[in-house]
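**Q** What follows is run.cif, made up of mmCIF, C-alpha atoms:
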data_run
#
loop_
_atom_site.label_atom_id
_atom_site.label_comp_id
_atom_site.auth_asym_id
_atom_site.auth_seq_id
_atom_site.Cartn_x
_atom_site.Cartn_y
_atom_site.Cartn_z
CA MET L 1 90.00 115.88 90.48
CA ALA L 2 93.43 116.65 91.87
CA LEU L 3 94.22 112.96 92.24
CA LEU L 4 93.71 112.29 88.55
CA VAL L 5 96.61 114.55 87.68
CA LEU L 6 98.63 113.40 90.65
CA VAL L 7 98.75 110.00 88.99
CA ALA L 8 100.56 111.67 86.11
CA ALA L 9 103.25 113.02 88.39
CA SER L 10 103.73 109.96 90.55
CA VAL L 11 103.81 107.45 87.71
CA ARG L 12 106.12 109.66 85.71
CA ALA L 13 108.45 109.64 88.71
CA GLN L 14 109.01 105.93 88.23
CA GLY L 15 109.75 106.14 84.53
CA ALA L 16 106.31 105.77 82.98
CA GLY L 17 105.09 108.03 80.23
CA ALA L 18 104.03 111.55 81.02
CA GLY L 19 100.43 112.60 80.83
CA VAL L 20 98.79 109.70 82.65
CA PHE L 21 95.21 110.69 83.46
CA ASP L 22 93.28 107.59 84.36
CA GLU L 23 90.28 106.41 86.31
CA TYR L 24 92.36 104.58 88.93
CA GLY L 25 93.18 108.05 90.29
CA PRO L 26 89.63 109.41 90.29
CA ASN L 27 88.47 112.77 91.56
CA ALA L 28 86.54 113.13 94.79
CA GLY L 29 83.20 113.54 93.05
CA GLU L 30 83.41 110.40 90.91
CA MET L 31 84.73 108.34 93.80
CA PHE L 32 81.48 108.89 95.69
CA GLU L 33 79.05 108.56 92.81
CA ARG L 34 76.84 105.51 92.54
CA ASP L 35 76.65 103.85 89.14
CA THR L 36 73.37 104.49 87.38
CA GLU L 37 74.06 104.25 83.67
CA PRO L 38 77.36 104.41 81.71
CA ARG L 39 78.49 107.85 80.58
CA TRP L 40 81.51 109.31 78.83
CA ARG L 41 84.24 111.13 80.75
CA ILE L 42 86.84 112.90 78.59
CA ALA L 43 89.76 115.16 79.52
CA LEU L 44 92.34 116.96 77.40
CA GLY L 45 95.22 119.07 78.58
CA ALA L 46 98.84 120.12 78.43
CA GLY L 47 101.49 121.47 80.73
CA ILE L 48 105.12 121.46 81.74
CA ALA L 49 107.14 119.19 84.02
CA ALA L 50 110.65 118.97 85.46
CA ASP L 51 112.33 115.75 86.56
CA PRO L 52 115.78 114.08 86.69
CA ASN L 53 117.46 112.83 83.52
CA PHE L 54 117.22 109.33 85.02
CA GLN L 55 116.54 107.82 88.43
CA GLY L 56 119.47 108.88 90.60
CA SER L 57 120.61 111.73 88.33
CA ASP L 58 121.61 115.10 89.76
CA LYS L 59 120.72 116.81 86.48
CA TYR L 60 117.20 117.85 85.48
CA ARG L 61 115.21 118.34 82.31
CA VAL L 62 112.14 120.48 81.65
CA HIS L 63 109.69 119.17 79.07
CA PRO L 64 106.06 119.52 77.92
CA THR L 65 103.40 117.05 79.03
CA LEU L 66 100.11 116.04 77.46
CA VAL L 67 96.91 114.75 79.04
CA LEU L 68 94.45 112.53 77.20
CA PHE L 69 91.80 110.47 78.96
CA ALA L 70 88.51 108.90 77.95
CA GLY L 71 86.31 106.73 80.12
CA TYR L 72 82.95 105.06 79.64
CA GLY L 73 81.35 103.28 82.55
CA ARG L 74 83.93 100.90 83.99
CA PHE L 75 86.34 101.25 81.06
CA PHE L 76 89.06 103.87 80.47
CA ILE L 77 91.88 104.63 78.06
CA GLY L 78 94.57 107.29 77.89
CA PHE L 79 98.30 107.88 77.54
CA GLY L 80 98.65 105.86 80.74
CA GLY L 81 97.11 102.76 79.21
CA VAL L 82 93.79 100.98 78.96
CA GLY L 83 91.93 99.35 81.81
CA VAL L 84 88.71 98.47 83.54
CA ASN L 85 87.34 98.99 87.03
CA LEU L 86 86.26 95.52 88.17
CA VAL L 87 84.90 97.03 91.38
CA ARG L 88 83.32 100.46 91.07
CA GLN L 89 81.59 101.40 94.30
CA PRO L 90 81.32 104.66 96.23
CA GLY L 91 84.73 105.25 97.79
CA LEU L 92 86.34 102.18 96.20
CA ARG L 93 87.89 101.23 92.87
CA VAL L 94 89.63 97.93 92.08
CA GLY L 95 90.70 97.03 88.57
CA VAL L 96 93.29 96.02 86.00
CA ILE L 97 95.33 98.05 83.51
CA ILE L 98 97.66 97.49 80.55
CA SER L 99 100.15 100.33 80.38
CA PRO L 100 103.22 101.36 78.35
CA ALA L 101 106.44 101.72 80.35
CA ALA L 102 109.28 104.01 79.36
CA GLY L 103 112.84 102.85 78.99
CA ARG L 104 116.14 104.65 79.50
CA ASP L 105 118.30 105.90 76.64
CA GLU L 106 121.99 106.08 77.51
CA SER L 107 122.32 109.13 75.24
CA VAL L 108 120.27 111.35 77.60
CA ASP L 109 123.16 111.68 80.07
CA ALA L 110 126.90 111.16 79.76
CA ARG L 111 126.89 109.18 83.00
CA LEU L 112 124.91 106.40 81.29
CA ALA L 113 127.49 105.87 78.54
CA GLY L 114 128.37 102.19 78.22
CA LEU L 115 125.34 100.94 80.15
CA GLY L 116 123.24 100.46 77.03
CA ASN L 117 119.57 101.30 76.62
CA VAL L 118 116.70 100.02 78.74
CA ASP L 119 114.04 99.33 76.13
CA ARG L 120 110.42 100.37 76.49
CA THR L 121 107.94 97.67 77.36
CA VAL L 122 104.30 96.96 78.25
CA ASN L 123 103.17 96.42 81.83
CA ALA L 124 100.11 94.62 83.15
CA GLY L 125 98.88 95.82 86.50
CA VAL L 126 96.24 95.70 89.19
CA PHE L 127 95.18 98.71 91.24
CA ALA L 128 93.01 99.64 94.19
CA VAL L 129 91.90 103.08 95.35
CA SER L 130 90.08 103.71 98.61
CA ALA L 131 88.80 107.20 99.38
CA THR L 132 87.02 109.18 102.01
CA ARG L 133 86.23 112.89 101.86
CA GLY L 134 89.56 113.77 103.44
CA PHE L 135 91.93 110.92 102.48
CA LEU L 136 92.86 108.68 99.57
CA THR L 137 94.95 105.51 99.56
CA ARG L 138 96.17 104.11 96.24
CA ALA L 139 98.01 100.82 95.59
CA LEU L 140 99.32 99.75 92.19
CA VAL L 141 101.29 96.64 91.18
CA TYR L 142 102.89 96.36 87.71
CA THR L 143 104.59 93.43 85.96
CA ASP L 144 106.48 93.56 82.67
CA VAL L 145 104.66 91.46 80.07
CA GLY L 146 106.67 92.79 77.14
CA GLY L 147 109.79 90.75 77.85
CA GLU L 148 112.17 93.68 78.38
CA HIS L 149 113.40 92.72 81.89
CA HIS L 150 111.52 95.46 83.75
CA GLY L 151 110.40 92.99 86.40
CA SER L 152 107.69 94.10 88.82
CA THR L 153 107.02 97.17 90.92
CA ALA L 154 104.54 97.99 93.66
CA ARG L 155 103.51 101.53 94.65
CA LEU L 156 101.61 102.74 97.68
CA ASP L 157 100.48 106.34 98.25
CA PHE L 158 98.49 107.86 101.09
CA LEU L 159 97.15 111.37 100.49
CA ALA L 160 95.25 113.85 102.60
CA ARG L 161 93.16 116.47 100.80
CA PHE L 162 91.19 119.51 101.77
CA ARG L 163 89.55 122.53 100.21
CA THR L 164 89.76 126.20 101.11
CA GLY L 165 86.78 127.16 98.96
CA GLU L 166 84.75 126.07 95.99
CA ARG L 167 87.60 126.66 93.54
CA ILE L 168 90.80 125.69 95.35
CA GLY L 169 91.90 122.36 96.81
CA PHE L 170 95.13 120.91 98.20
CA PHE L 171 96.58 117.41 98.58
CA ALA L 172 99.68 116.03 100.32
CA GLY L 173 101.04 112.76 101.63
CA PRO L 174 103.76 110.09 101.63
CA GLY L 175 104.40 107.21 99.28
CA LEU L 176 106.85 104.42 98.52
CA THR L 177 107.86 102.13 95.67
CA TRP L 178 109.12 98.54 95.88
CA GLY L 179 111.02 96.96 93.00
CA SER L 180 111.60 93.29 92.26
CA ARG L 181 115.15 92.00 91.88
CA GLN L 182 114.84 92.12 88.09
CA TYR L 183 113.50 95.69 88.07
CA ASN L 184 116.16 97.00 90.44
CA GLN L 185 118.91 95.19 88.56
CA THR L 186 117.75 96.59 85.21
CA VAL L 187 117.53 100.17 86.48
CA PHE L 188 120.25 100.33 89.14
CA GLY L 189 122.47 97.27 88.59
CA VAL L 190 125.70 96.96 86.59
CA THR L 191 126.51 93.66 84.88
CA GLY L 192 130.06 92.51 84.17
CA GLU L 193 129.73 93.52 80.52
CA GLN L 194 128.35 96.94 81.44
CA SER L 195 131.20 97.37 83.91
CA VAL L 196 133.79 96.88 81.18
CA ARG L 197 132.07 99.35 78.85
CA SER L 198 131.16 102.03 81.39
CA GLY L 199 133.93 101.90 83.97
CA PHE L 200 131.46 101.41 86.84
CA PRO L 201 132.14 98.51 89.20
CA ALA L 202 129.84 95.53 88.79
CA PHE L 203 126.82 95.84 91.07
CA GLU L 204 124.02 93.38 91.79
CA ALA L 205 120.78 94.96 92.98
CA ASN L 206 118.28 92.96 94.98
CA ALA L 207 114.56 93.35 95.55
CA GLY L 208 113.42 95.99 98.00
CA ILE L 209 112.00 99.47 98.54
CA ASN L 210 113.84 101.85 96.23
CA ASN L 211 111.93 105.13 96.66
CA LEU L 212 110.38 107.02 99.57
CA ARG L 213 108.56 110.24 98.72
CA LEU L 214 106.38 113.09 99.87
CA THR L 215 104.04 114.77 97.39
CA ALA L 216 102.10 118.01 97.76
CA GLY L 217 100.03 120.00 95.30
CA THR L 218 97.02 122.11 94.55
CA ASN L 219 94.23 122.38 92.00
CA TYR L 220 92.32 125.47 90.91
CA ARG L 221 89.05 125.61 88.99
CA PHE L 222 89.35 128.84 87.01
CA ALA L 223 86.38 128.18 84.69
CA GLN L 224 83.46 125.77 84.55
CA ASN L 225 85.31 122.99 82.69
CA TRP L 226 88.91 124.10 83.24
CA ARG L 227 91.29 122.98 85.98
CA LEU L 228 94.84 124.05 86.75
CA PHE L 229 97.02 121.60 88.70
CA GLY L 230 100.46 121.98 90.24
CA GLY L 231 102.49 119.52 92.28
CA LEU L 232 105.92 118.85 93.76
CA THR L 233 107.37 115.50 94.82
CA ALA L 234 110.47 115.20 97.00
CA ALA L 235 111.83 111.64 96.96
CA ARG L 236 114.79 109.78 98.39
CA LEU L 237 116.30 106.66 96.84
CA THR L 238 116.81 103.87 99.34
CA GLY L 239 118.33 100.39 99.53
CA ASP L 240 120.29 99.18 96.53
CA ALA L 241 118.94 102.07 94.45
CA ALA L 242 120.84 104.45 96.72
CA ALA L 243 123.92 102.19 96.85
CA SER L 244 124.17 101.79 93.05
CA PRO L 245 127.32 103.25 91.45
CA ILE L 246 125.07 104.73 88.75
CA THR L 247 123.29 106.90 91.31
CA GLU L 248 124.67 110.44 91.64
CA THR L 249 122.31 111.67 94.35
CA HIS L 250 119.84 110.10 96.74
CA ALA L 251 117.47 113.09 96.64
CA GLU L 252 115.11 113.63 93.70
CA TYR L 253 112.59 116.36 93.00
CA ARG L 254 109.81 116.44 90.43
CA ALA L 255 107.35 119.19 89.62
CA PHE L 256 104.49 119.72 87.18
CA LEU L 257 101.97 122.34 86.14
CA THR L 258 99.05 121.26 83.93
CA ALA L 259 95.87 122.80 82.57
CA ILE L 260 93.03 120.40 81.77
CA TYR L 261 89.71 120.81 79.97
CA LEU L 262 86.94 118.40 81.02
CA LEU L 263 84.29 117.22 78.57
CA ARG L 264 81.46 115.45 80.38
#
What would the structure in this file look like if it were written as structure tokens?
**A**
Amino acid sequence: MALLVLVAASVRAQGAGAGVFDEYGPNAGEMFERDTEPRWRIALGAGIAADPNFQGSDKYRVHPTLVLFAGYGRFFIGFGGVGVNLVRQPGLRVGVIISPAAGRDESVDARLAGLGNVDRTVNAGVFAVSATRGFLTRALVYTDVGGEHHGSTARLDFLARFRTGERIGFFAGPGLTWGSRQYNQTVFGVTGEQSVRSGFPAFEANAGINNLRLTAGTNYRFAQNWRLFGGLTAARLTGDAAASPITETHAEYRAFLTAIYLLR
């Protein structure tokens, strides 16, 4: 179950909406179940999170988060989008997802003045999750299909997990994100027009890995259908993301604490 909420933290770290709670980050139990007949899986929750004002910011914001997820058989829907598991086997999930992607409002930080807004869009993606009892590997590729110049991104996370009892579990591991030229230019680049308005020098960002991270967290079952999750991600911007004149710091930290009620 910890990995379901970890999706919320890791996707939020790349600018997606908070509260993602989807089947492509399934819990250990569901990953090893064999399909018999379709059944509903529903989760509701809320919590608090802290993350930078924008990618590369040295200032942070604290805000509430919401969790909403519903799944039936191979299909799922939530704040993170709607999708289907095309492959649903013990220890393996492969599927597709349509997901909203957040933008960037220049009003959230004075440093963004003159850069203009990055509008929200819709992404189409493919994902794969492979799990054993002690490890989980997750890959996710997104492409902007809303026409807002978000380009494409690819994420890879490798997580170890273990339990210290029936109620408490832990997870930790590294991850990275690659951005296409269009994505990196939209988020970290500065066009000639933006340079005139903002005072930043013009900067052209190319495709490449823009984020290396290490995530660790825990989950606690404090009642039959209740779970409490906490996590911390320490990330470092790399490549043109780190070299961008917009970037204030290469180090980023994100944290969350969420309580979730499971209806199943």
**Q** Can you list, as an NGL selection string, the residues that the PyMOL selection byres ((chain L and resi 169) around 9) selects here?
**A** :L and (2 or 161-168 or 170-171 or 217-221)
**Q** What lies within 12 Å of Asp119 of chain L using all atoms listed in the file, ignoring chain neighbours under 3 positions off, as JSON, numbers by chain?
**A** {"L": [15, 100, 101, 102, 103, 104, 105, 106, 116, 122, 144, 146, 147, 148, 149, 150, 186, 187]}
**Q** Go ahead and save the residues from that selection, with C-alpha atoms, as a compact mmCIF listing (two decimals), in the frame of the given file.
**A**
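Heads up, here's the output in out_24.txt:
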# COMPACT_ATOMS: atom_id res chain seq x y z
CA GLY L 15 109.75 106.14 84.53
CA PRO L 100 103.22 101.36 78.35
CA ALA L 101 106.44 101.72 80.35
CA ALA L 102 109.28 104.01 79.36
CA GLY L 103 112.84 102.85 78.99
CA ARG L 104 116.14 104.65 79.50
CA ASP L 105 118.30 105.90 76.64
CA GLU L 106 121.99 106.08 77.51
CA GLY L 116 123.24 100.46 77.03
CA VAL L 122 104.30 96.96 78.25
CA ASP L 144 106.48 93.56 82.67
CA GLY L 146 106.67 92.79 77.14
CA GLY L 147 109.79 90.75 77.85
CA GLU L 148 112.17 93.68 78.38
CA HIS L 149 113.40 92.72 81.89
CA HIS L 150 111.52 95.46 83.75
CA THR L 186 117.75 96.59 85.21
CA VAL L 187 117.53 100.17 86.48
**Q** Just say which residues the PyMOL selection byres ((chain L and resi 245-253) around 7) picks in this file, as a PyMOL selection string.
**A** chain L and resi 51+56-58+188+200+233-237+242-244+254-255
**Q** Quick one: everything within 6 Å of segment 38-40 of chain L, counting all atoms listed in the file, minus sequence neighbours fewer than 4 positions away in the same chain. Send it as a list in words.
**A** Gly71, Tyr72 and Gly73 of chain L
**Q** Is there a way to get, as an mmCIF file with C-alpha atoms, in the frame of the given file, all residues within 10 Å of the point (108.8, 113.0, 101.8) in file coordinates, counting only C-alpha atoms?
**A**
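As written to disk, selection-v1.cif reads:
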data_model
loop_
_atom_site.group_PDB
_atom_site.id
_atom_site.type_symbol
_atom_site.label_atom_id
_atom_site.label_comp_id
_atom_site.auth_asym_id
_atom_site.auth_seq_id
_atom_site.Cartn_x
_atom_site.Cartn_y
_atom_site.Cartn_z
ATOM 1 C CA ALA L 172 99.680 116.030 100.320
ATOM 2 C CA GLY L 173 101.040 112.760 101.630
ATOM 3 C CA PRO L 174 103.760 110.090 101.630
ATOM 4 C CA GLY L 175 104.400 107.210 99.280
ATOM 5 C CA LEU L 176 106.850 104.420 98.520
ATOM 6 C CA ASN L 211 111.930 105.130 96.660
ATOM 7 C CA LEU L 212 110.380 107.020 99.570
ATOM 8 C CA ARG L 213 108.560 110.240 98.720
ATOM 9 C CA LEU L 214 106.380 113.090 99.870
ATOM 10 C CA THR L 215 104.040 114.770 97.390
ATOM 11 C CA ALA L 216 102.100 118.010 97.760
ATOM 12 C CA THR L 233 107.370 115.500 94.820
ATOM 13 C CA ALA L 234 110.470 115.200 97.000
ATOM 14 C CA ALA L 235 111.830 111.640 96.960
ATOM 15 C CA ARG L 236 114.790 109.780 98.390
#
**Q** At a cut-off of 8 Å, using all atoms listed in the file, what residues contact Asn210 of chain L? Leave out same-chain residues fewer than 4 positions from it and give the result as an NGL selection string.
**A** :L and (176-179 or 184 or 237-242)
**Q** Can I get the selection written as an mmCIF file, keeping the file's coordinate frame, with C-alpha atoms?
**A**
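File result_5.cif, as written:
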data_model
loop_
_atom_site.group_PDB
_atom_site.id
_atom_site.type_symbol
_atom_site.label_atom_id
_atom_site.label_comp_id
_atom_site.auth_asym_id
_atom_site.auth_seq_id
_atom_site.Cartn_x
_atom_site.Cartn_y
_atom_site.Cartn_z
ATOM 1 C CA LEU L 176 106.850 104.420 98.520
ATOM 2 C CA THR L 177 107.860 102.130 95.670
ATOM 3 C CA TRP L 178 109.120 98.540 95.880
ATOM 4 C CA GLY L 179 111.020 96.960 93.000
ATOM 5 C CA ASN L 184 116.160 97.000 90.440
ATOM 6 C CA LEU L 237 116.300 106.660 96.840
ATOM 7 C CA THR L 238 116.810 103.870 99.340
ATOM 8 C CA GLY L 239 118.330 100.390 99.530
ATOM 9 C CA ASP L 240 120.290 99.180 96.530
ATOM 10 C CA ALA L 241 118.940 102.070 94.450
ATOM 11 C CA ALA L 242 120.840 104.450 96.720
#
**Q** How many Å lie between atom CA of Phe222 of chain L and atom CA of Val67 of chain L, rounded to one decimal?
**A**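 Atom-to-atom, atom CA of Phe222 of chain L to atom CA of Val67 of chain L, that is 17.9 Å.
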**Q** Which residue out of L:Ser130, L:Thr143, L:Thr137, L:Asn206 has the minimum interatomic distance to Arg88 of chain L when only C-alpha atoms are used?
**A**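 Closest residue, counting only C-alpha atoms: L:Ser130.
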**Q** Which residues match the PyMOL selection byres ((chain L and resi 62) around 8) in the file above, as a PDB file with C-alpha atoms, keeping the file's coordinate frame?
**A**
ATOM      1  CA  ILE L  48     105.120 121.460  81.740  1.00  0.00           C
ATOM      2  CA  ALA L  49     107.140 119.190  84.020  1.00  0.00           C
ATOM      3  CA  ALA L  50     110.650 118.970  85.460  1.00  0.00           C
ATOM      4  CA  ASP L  51     112.330 115.750  86.560  1.00  0.00           C
ATOM      5  CA  TYR L  60     117.200 117.850  85.480  1.00  0.00           C
ATOM      6  CA  ARG L  61     115.210 118.340  82.310  1.00  0.00           C
ATOM      7  CA  HIS L  63     109.690 119.170  79.070  1.00  0.00           C
ATOM      8  CA  PRO L  64     106.060 119.520  77.920  1.00  0.00           C
TER       9      PRO L  64
END
**Q** Distance atom CA of Leu263 of chain L-atom CA of Gln224 of chain L, one decimal place?
**A** 10.5 Å
**Q** In Å to one decimal, how far is atom CA of Phe76 of chain L from atom CA of Asp157 of chain L?
**A** 21.3 Å
**Q** Using all atoms listed in the file for the distances, tell me which of L:Phe203, L:Ser198, L:Tyr261, L:Ala223 is nearest to Ala113 of chain L.
**A**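 Nearest candidate to Ala113 of chain L out of L:Phe203, L:Ser198, L:Tyr261, L:Ala223: L:Ser198.
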**Q** Here is a test: counting all atoms listed in the file, which residue of L:Leu228, L:Ile77, L:Val84, L:Leu68 is nearest to Thr258 of chain L?
**A** L:Leu228
**Q** Ranking L:Ile209, L:Arg197, L:Ala124, L:Glu204 by minimum distance to Leu156 of chain L and counting all atoms listed in the file, which one comes first?
**A**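 Looking at the shortest contact to Leu156 of chain L, the residue is L:Ile209.
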